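This report concerns only the one structure given below.
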Amino acid sequence: MRSCDQYLIYTTQNSVRFLLISLYFFNGFALNAQQHEEKHRMDTAKVSISNFSHHFIAEIRPSYVFPTSPFYRSEVANEQLSKRAVSGHLKYSFALPKGSLGKQVYSKTQQGVGIAVFDFANHKELGTPISTYLFQTAELSKLSEFASLNYEWNFGLSTGWRPYDPFNNPGNMIIGSKLNAYINLGLFLKWQVAERYCLTTGAELTHFSNGNTEYPNAGLNMVGAKLGLMYSLSNDKSETSKEEQVVKIPTFPRHFSYDFVVFGSWRRKGIEFGNTQVASPDKYPVLGAYFAPMYNLNYRFRTGISLDGLYDGSGNVYTEDYIIGTEQPFIKPNWKQQLALGLSARADFTMPIFTISMGIGTNVLHKGGDFGGTYQSLALKTKMSRDLFLHIGYNVKDFRDPNYLMLGIGYRFNNKTPSLISF
């Protein structure tokens with residue numbers, strides 16, 4: 001099993017590298033290839049590895065685990081159970097090419113890949129997870145000549161967990177799968193301590209979850225601190241002085257674009273029976289699509305509405321005369337009771353390569369039951385070409401109940417946003 005986990009980590013790392021490298025060879029191909037072919041050749045000729053700034057970061061992050069689960073609150077649980085955790089991170093980041101439009105618009109933004117090892121001081125029940133992730137960081141405010149306030153988010157996969165098992169690991173009622181999503185958000189101060197070295201100190205929030213694909217899925221949440229050292233292959237101070245002399249950023253062409261996304265996943269579900277909730281033994285498919293007209297206000301923000309179609313194989317599933325400890329089949333209703341059509345308001349925060357998309361909506365056509373109330377979505381869109389993007393998201397019901405993952409692909413029509421690697 002360990003060799004399988006190592007293979008998964010190796011595959012994920014190489015997929016992430018391929019994704020980031022491929023972006024710059026495909027960015028600018030798709031909008032109107034015939035009209036832009038000559039310009040694209042000129043822009044690409046100017047882009048080389050030396051045009052990018054490259055950074056390596058090492059961090060240590062001590063954390064406190066929120067005791068939201070009975071696993072951490074139970075007095076009969078492992079008496080040596082610690083609510084403290086620590087992780088070590090190695091990261092590589094890069095900024096957009098010097099002199100490009102993207103470097104002017106996102107002058108203090110970096111993105112890259114990282115790998116981390118987590119220690120919860122409880123290998124027997126939780127394991128020793130390893131996470132591989134994408135991340136992005138940018139300056140929020142320059143505090144002085146040598147200090148700035150920055151944010152960072154991480155999004156990736158973690159493996160190496162020891163999941164719940166009713167016989168071999170019955171105490172772990174928070175992690176139900178060997179593979180889990182890793183999400184992190186932090187604020188930190190960046191201190192320039194030498195020509196190529198920066199010290200980072202800050203705070204962060206972390207969440208691990210399997211997105212309802214396995215049971216249990218209580219998730220694990222942490223708050224922590226970070227201490228890191230960043231080494232830059234180029235002189236950040238001299239780059240900053242050059243950036244301050246850069247010409248005025250071209251006016252953004254405001255316009256409507258149209259995102260079409262298809263997605264799918266699978267899920268486990270807890271079913272209400274009497275005064276309790278019982279876990280269905282089955283996995284259910286989820287298929288969906290949405291079409292979102294979006295008004296692009298500037299380089300960093302777009303907003304609009306979305307028409308959301310959904311088939312949820314777990315929708316309105318129920319059980320009768322349930323007996324604890326049995327594998328009784330749960331009853332699926334007619335397929336029409338598992339379809340819904342919704343409307344949602346959307347907001348996209350756009351950055352180089354990545355877009356963070358948020359939505360809130362309600363189903364307007366459905367057969368009731370599980371499809372009532374509201375739904376919320378949070379997604380990461382990762383550019384594969386000028387108009388094609390990967391879509392990884394999560395849907396929540398009524399701001400509290402986990403719904404399903406949204407793993408898919410999308411295409412943007414009428415995209416008039418200028419290429420960020422143009423000069």
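By convention here, the chains of the structure tokens are called A, B, ... in the order presented, each chain's residues are numbered starting at 1, and ligands are numbered starting at 1 in the order presented.
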
DSSP on the backbone, then: every residue of segment 392-423 of chain A marked strand (DSSP E or B), written as a tab-separated table (two decimals) with N, CA and C atoms, in the first residue's frame.
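Generated file (result_26.tsv):
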```tsv
chain	number	residue	atom	x	y	z
A	392	ILE	N	-12.28	22.39	-10.36
A	392	ILE	CA	-12.34	21.56	-9.15
A	392	ILE	C	-13.09	22.36	-8.09
A	393	GLY	N	-14.25	21.87	-7.69
A	393	GLY	CA	-15.07	22.63	-6.77
A	393	GLY	C	-15.78	21.76	-5.75
A	394	TYR	N	-16.49	22.44	-4.85
A	394	TYR	CA	-17.24	21.74	-3.82
A	394	TYR	C	-18.55	22.48	-3.60
A	395	ASN	N	-19.62	21.70	-3.39
A	395	ASN	CA	-20.96	22.25	-3.22
A	395	ASN	C	-21.46	21.95	-1.81
A	396	VAL	N	-22.05	22.96	-1.17
A	396	VAL	CA	-22.57	22.85	0.19
A	396	VAL	C	-24.04	23.25	0.19
A	397	LYS	N	-24.85	22.61	1.03
A	397	LYS	CA	-26.28	22.93	1.12
A	397	LYS	C	-26.55	23.76	2.37
A	401	ASP	N	-24.33	21.85	5.25
A	401	ASP	CA	-24.33	20.42	4.95
A	401	ASP	C	-23.49	20.13	3.72
A	402	PRO	N	-22.45	19.27	3.84
A	402	PRO	CA	-21.63	18.94	2.67
A	402	PRO	C	-22.45	18.22	1.61
A	403	ASN	N	-22.26	18.61	0.36
A	403	ASN	CA	-22.99	18.00	-0.75
A	403	ASN	C	-22.09	17.10	-1.58
A	404	TYR	N	-21.34	17.69	-2.52
A	404	TYR	CA	-20.59	16.85	-3.46
A	404	TYR	C	-19.44	17.63	-4.07
A	405	LEU	N	-18.48	16.87	-4.59
A	405	LEU	CA	-17.38	17.44	-5.36
A	405	LEU	C	-17.84	17.78	-6.76
A	406	MET	N	-17.14	18.72	-7.38
A	406	MET	CA	-17.43	19.11	-8.77
A	406	MET	C	-16.12	19.04	-9.54
A	407	LEU	N	-15.84	17.89	-10.14
A	407	LEU	CA	-14.60	17.65	-10.87
A	407	LEU	C	-14.91	17.70	-12.36
A	408	GLY	N	-14.42	18.73	-13.05
A	408	GLY	CA	-14.82	18.84	-14.44
A	408	GLY	C	-13.89	19.69	-15.28
A	409	ILE	N	-14.43	20.11	-16.41
A	409	ILE	CA	-13.68	20.90	-17.37
A	409	ILE	C	-14.61	21.97	-17.93
A	410	GLY	N	-14.05	23.12	-18.26
A	410	GLY	CA	-14.87	24.22	-18.74
A	410	GLY	C	-14.26	24.93	-19.94
A	411	TYR	N	-15.09	25.68	-20.63
A	411	TYR	CA	-14.65	26.47	-21.78
A	411	TYR	C	-15.27	27.86	-21.69
A	412	ARG	N	-14.47	28.88	-22.00
A	412	ARG	CA	-14.93	30.27	-21.93
A	412	ARG	C	-15.10	30.82	-23.34
A	413	PHE	N	-16.33	31.24	-23.66
A	413	PHE	CA	-16.64	31.82	-24.96
A	413	PHE	C	-16.53	33.34	-24.88
```

Hey, what's within 10 Å of Thr206 of chain A if we count only C-alpha atoms and toss same-chain stuff fewer than 2 positions away? As a PyMOL selection string, please? chain A and resi 63-65+153-154+182-186+204+208+220-224

Show me, as a PyMOL selection string, the residues that have an atom within 12 Å of Leu143 of chain A when counting only C-alpha atoms, minus same-chain residues fewer than 3 positions from it. chain A and resi 139-140+146-150+189-192

Mind pulling up the distance from atom CA of Cys198 of chain A to atom CA of Glu152 of chain A?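 According to the coordinates, atom CA of Glu152 of chain A and atom CA of Cys198 of chain A are separated by 15.3 Å.
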
Can you pull out every residue within 9 Å of Ile356 of chain A, counting only C-alpha atoms, but drop anything in the same chain fewer than 5 positions away, and send it as a PDB file with C-alpha atoms, in the first residue's frame?
```
ATOM      1  CA  ALA A 347     -18.278  35.968  -8.593  1.00  0.00           C
ATOM      2  CA  ASP A 348     -14.833  35.133 -10.017  1.00  0.00           C
ATOM      3  CA  PHE A 349     -11.585  36.492  -8.600  1.00  0.00           C
ATOM      4  CA  THR A 350      -9.107  36.166 -11.450  1.00  0.00           C
ATOM      5  CA  MET A 351      -5.349  35.762 -11.094  1.00  0.00           C
ATOM      6  CA  LEU A 378     -16.487  27.213  -4.180  1.00  0.00           C
ATOM      7  CA  ALA A 379     -14.267  26.257  -7.117  1.00  0.00           C
ATOM      8  CA  LEU A 380     -10.740  26.611  -8.448  1.00  0.00           C
ATOM      9  CA  LYS A 381     -10.461  27.118 -12.216  1.00  0.00           C
TER      10      LYS A 381
END
```

Hey, can you check how far atom CA of Lys226 of chain A sits from atom CA of Leu90 of chain A?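 Distance between the two atoms: 12.6 Å.
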
Can you tell me which residues surround Gly176 of chain A at a distance of at most 6 Å, considering only C-alpha atoms, apart from same-chain residues fewer than 4 positions away, and format the answer as number ranges by chain? A: 163-164, 214-217

For the residues in that selection, give me N, CA and C atoms as a PDB file, in the first residue's frame.
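The resulting result31.pdb:
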```
ATOM      1  N   PRO A 163      -7.267   5.553   7.503  1.00  0.00           N
ATOM      2  CA  PRO A 163      -8.692   5.896   7.597  1.00  0.00           C
ATOM      3  C   PRO A 163      -9.448   5.020   8.591  1.00  0.00           C
ATOM      4  N   TYR A 164     -10.660   5.420   8.837  1.00  0.00           N
ATOM      5  CA  TYR A 164     -11.560   4.669   9.723  1.00  0.00           C
ATOM      6  C   TYR A 164     -11.742   3.240   9.232  1.00  0.00           C
ATOM      7  N   GLU A 214     -16.292   9.334   0.761  1.00  0.00           N
ATOM      8  CA  GLU A 214     -16.233   8.169   1.651  1.00  0.00           C
ATOM      9  C   GLU A 214     -16.833   8.556   2.995  1.00  0.00           C
ATOM     10  N   TYR A 215     -17.143   7.531   3.803  1.00  0.00           N
ATOM     11  CA  TYR A 215     -17.675   7.755   5.146  1.00  0.00           C
ATOM     12  C   TYR A 215     -16.702   7.155   6.153  1.00  0.00           C
ATOM     13  N   PRO A 216     -16.409   7.878   7.273  1.00  0.00           N
ATOM     14  CA  PRO A 216     -16.928   9.191   7.668  1.00  0.00           C
ATOM     15  C   PRO A 216     -16.198  10.334   6.970  1.00  0.00           C
ATOM     16  N   ASN A 217     -16.774  11.530   7.071  1.00  0.00           N
ATOM     17  CA  ASN A 217     -16.163  12.714   6.473  1.00  0.00           C
ATOM     18  C   ASN A 217     -16.348  13.917   7.397  1.00  0.00           C
TER      19      ASN A 217
END
```

Using backbone DSSP assignments, extract all helix (DSSP H, G or I) residues from segment 133-333 of chain A; output them as a list in words.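 The residues of segment 133-333 of chain A classed as helix (DSSP H, G or I) are Asp236, Lys237, Ser238, Glu239, Thr240, Ser241, Lys242, Glu243 and Glu244 of chain A.
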
Can you work out the spacing between atom CA of Asn169 of chain A and atom CA of Lys83 of chain A in Å, to one decimal?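 Spanning atom CA of Asn169 of chain A to atom CA of Lys83 of chain A is a straight-line distance of 18.5 Å.
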
Contacts of segment 126-137 of chain A within 8 Å, only C-alpha atoms, excl. fewer than 4 positions in-chain, as a ChimeraX atom specification: /A:9,12-13,16,109-120,122,150-163,172,175,182

Got time to write the residues from that selection, N, CA and C atoms, as a tab-separated table (two decimals), in the first residue's frame?
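Written output follows (selection_17.tsv):
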```
chain	number	residue	atom	x	y	z
A	9	ILE	N	1.70	10.02	-5.18
A	9	ILE	CA	2.38	11.30	-4.94
A	9	ILE	C	3.24	11.65	-6.15
A	12	THR	N	1.01	12.75	-9.02
A	12	THR	CA	0.44	14.08	-8.78
A	12	THR	C	1.47	15.17	-9.00
A	13	GLN	N	2.68	14.96	-8.48
A	13	GLN	CA	3.75	15.96	-8.65
A	13	GLN	C	4.01	16.23	-10.12
A	16	VAL	N	1.15	18.15	-11.83
A	16	VAL	CA	1.16	19.56	-11.48
A	16	VAL	C	2.23	20.29	-12.28
A	109	THR	N	2.83	38.92	-7.52
A	109	THR	CA	2.13	37.65	-7.42
A	109	THR	C	3.04	36.51	-7.88
A	110	GLN	N	3.02	35.42	-7.13
A	110	GLN	CA	3.76	34.21	-7.48
A	110	GLN	C	2.84	33.01	-7.37
A	111	GLN	N	3.13	31.97	-8.12
A	111	GLN	CA	2.39	30.72	-8.04
A	111	GLN	C	3.35	29.56	-8.23
A	112	GLY	N	2.96	28.39	-7.74
A	112	GLY	CA	3.87	27.27	-7.86
A	112	GLY	C	3.30	26.00	-7.27
A	113	VAL	N	4.21	25.08	-6.91
A	113	VAL	CA	3.84	23.79	-6.36
A	113	VAL	C	4.60	23.57	-5.06
A	114	GLY	N	4.00	22.76	-4.18
A	114	GLY	CA	4.63	22.46	-2.90
A	114	GLY	C	4.37	21.04	-2.48
A	115	ILE	N	5.17	20.55	-1.54
A	115	ILE	CA	4.97	19.24	-0.94
A	115	ILE	C	5.19	19.38	0.55
A	116	ALA	N	4.37	18.68	1.34
A	116	ALA	CA	4.43	18.82	2.79
A	116	ALA	C	4.24	17.47	3.47
A	117	VAL	N	4.85	17.33	4.64
A	117	VAL	CA	4.67	16.15	5.48
A	117	VAL	C	4.06	16.61	6.80
A	118	PHE	N	3.00	15.93	7.26
A	118	PHE	CA	2.28	16.30	8.47
A	118	PHE	C	2.47	15.24	9.55
A	119	ASP	N	2.65	15.72	10.78
A	119	ASP	CA	2.80	14.83	11.94
A	119	ASP	C	1.77	15.23	12.99
A	120	PHE	N	0.81	14.31	13.27
A	120	PHE	CA	-0.22	14.56	14.27
A	120	PHE	C	0.07	13.86	15.59
A	122	ASN	N	0.18	10.87	16.18
A	122	ASN	CA	-0.77	9.76	16.33
A	122	ASN	C	-0.77	8.93	15.05
A	150	ASN	N	1.21	39.83	3.05
A	150	ASN	CA	0.89	38.97	1.92
A	150	ASN	C	-0.16	37.93	2.31
A	151	TYR	N	-0.83	37.37	1.30
A	151	TYR	CA	-1.72	36.23	1.52
A	151	TYR	C	-1.20	35.04	0.72
A	152	GLU	N	-1.67	33.86	1.08
A	152	GLU	CA	-1.33	32.65	0.34
A	152	GLU	C	-2.45	31.63	0.49
A	153	TRP	N	-2.77	30.93	-0.60
A	153	TRP	CA	-3.66	29.78	-0.50
A	153	TRP	C	-2.97	28.55	-1.08
A	154	ASN	N	-3.30	27.41	-0.51
A	154	ASN	CA	-2.81	26.10	-0.98
A	154	ASN	C	-4.02	25.23	-1.31
A	155	PHE	N	-3.91	24.45	-2.37
A	155	PHE	CA	-4.98	23.51	-2.71
A	155	PHE	C	-4.35	22.27	-3.35
A	156	GLY	N	-4.62	21.11	-2.75
A	156	GLY	CA	-4.03	19.90	-3.31
A	156	GLY	C	-4.61	18.64	-2.71
A	157	LEU	N	-3.84	17.55	-2.82
A	157	LEU	CA	-4.26	16.23	-2.34
A	157	LEU	C	-3.29	15.76	-1.27
A	158	SER	N	-3.83	15.00	-0.33
A	158	SER	CA	-2.99	14.41	0.71
A	158	SER	C	-3.25	12.91	0.77
A	159	THR	N	-2.19	12.15	0.97
A	159	THR	CA	-2.29	10.71	1.09
A	159	THR	C	-1.44	10.26	2.26
A	160	GLY	N	-1.52	8.97	2.59
A	160	GLY	CA	-0.77	8.47	3.75
A	160	GLY	C	-1.60	8.45	5.03
A	161	TRP	N	-2.90	8.73	4.92
A	161	TRP	CA	-3.77	8.68	6.09
A	161	TRP	C	-4.07	7.22	6.48
A	162	ARG	N	-4.38	7.01	7.75
A	162	ARG	CA	-4.91	5.72	8.21
A	162	ARG	C	-6.41	5.93	8.46
A	163	PRO	N	-7.27	5.55	7.50
A	163	PRO	CA	-8.69	5.90	7.60
A	163	PRO	C	-9.45	5.02	8.59
A	172	ASN	N	-10.99	6.37	14.84
A	172	ASN	CA	-10.85	7.47	13.90
A	172	ASN	C	-12.16	7.68	13.14
A	175	ILE	N	-11.67	10.75	9.57
A	175	ILE	CA	-11.07	10.55	8.25
A	175	ILE	C	-11.50	9.18	7.72
A	182	TYR	N	-6.64	18.81	0.48
A	182	TYR	CA	-5.92	19.68	1.41
A	182	TYR	C	-6.17	21.13	0.99
```

For Lys269 of chain A, which residue out of A:Val317, A:Val364, A:Ala289, A:Leu420 is the nearest one, using only C-alpha atoms? A:Val317
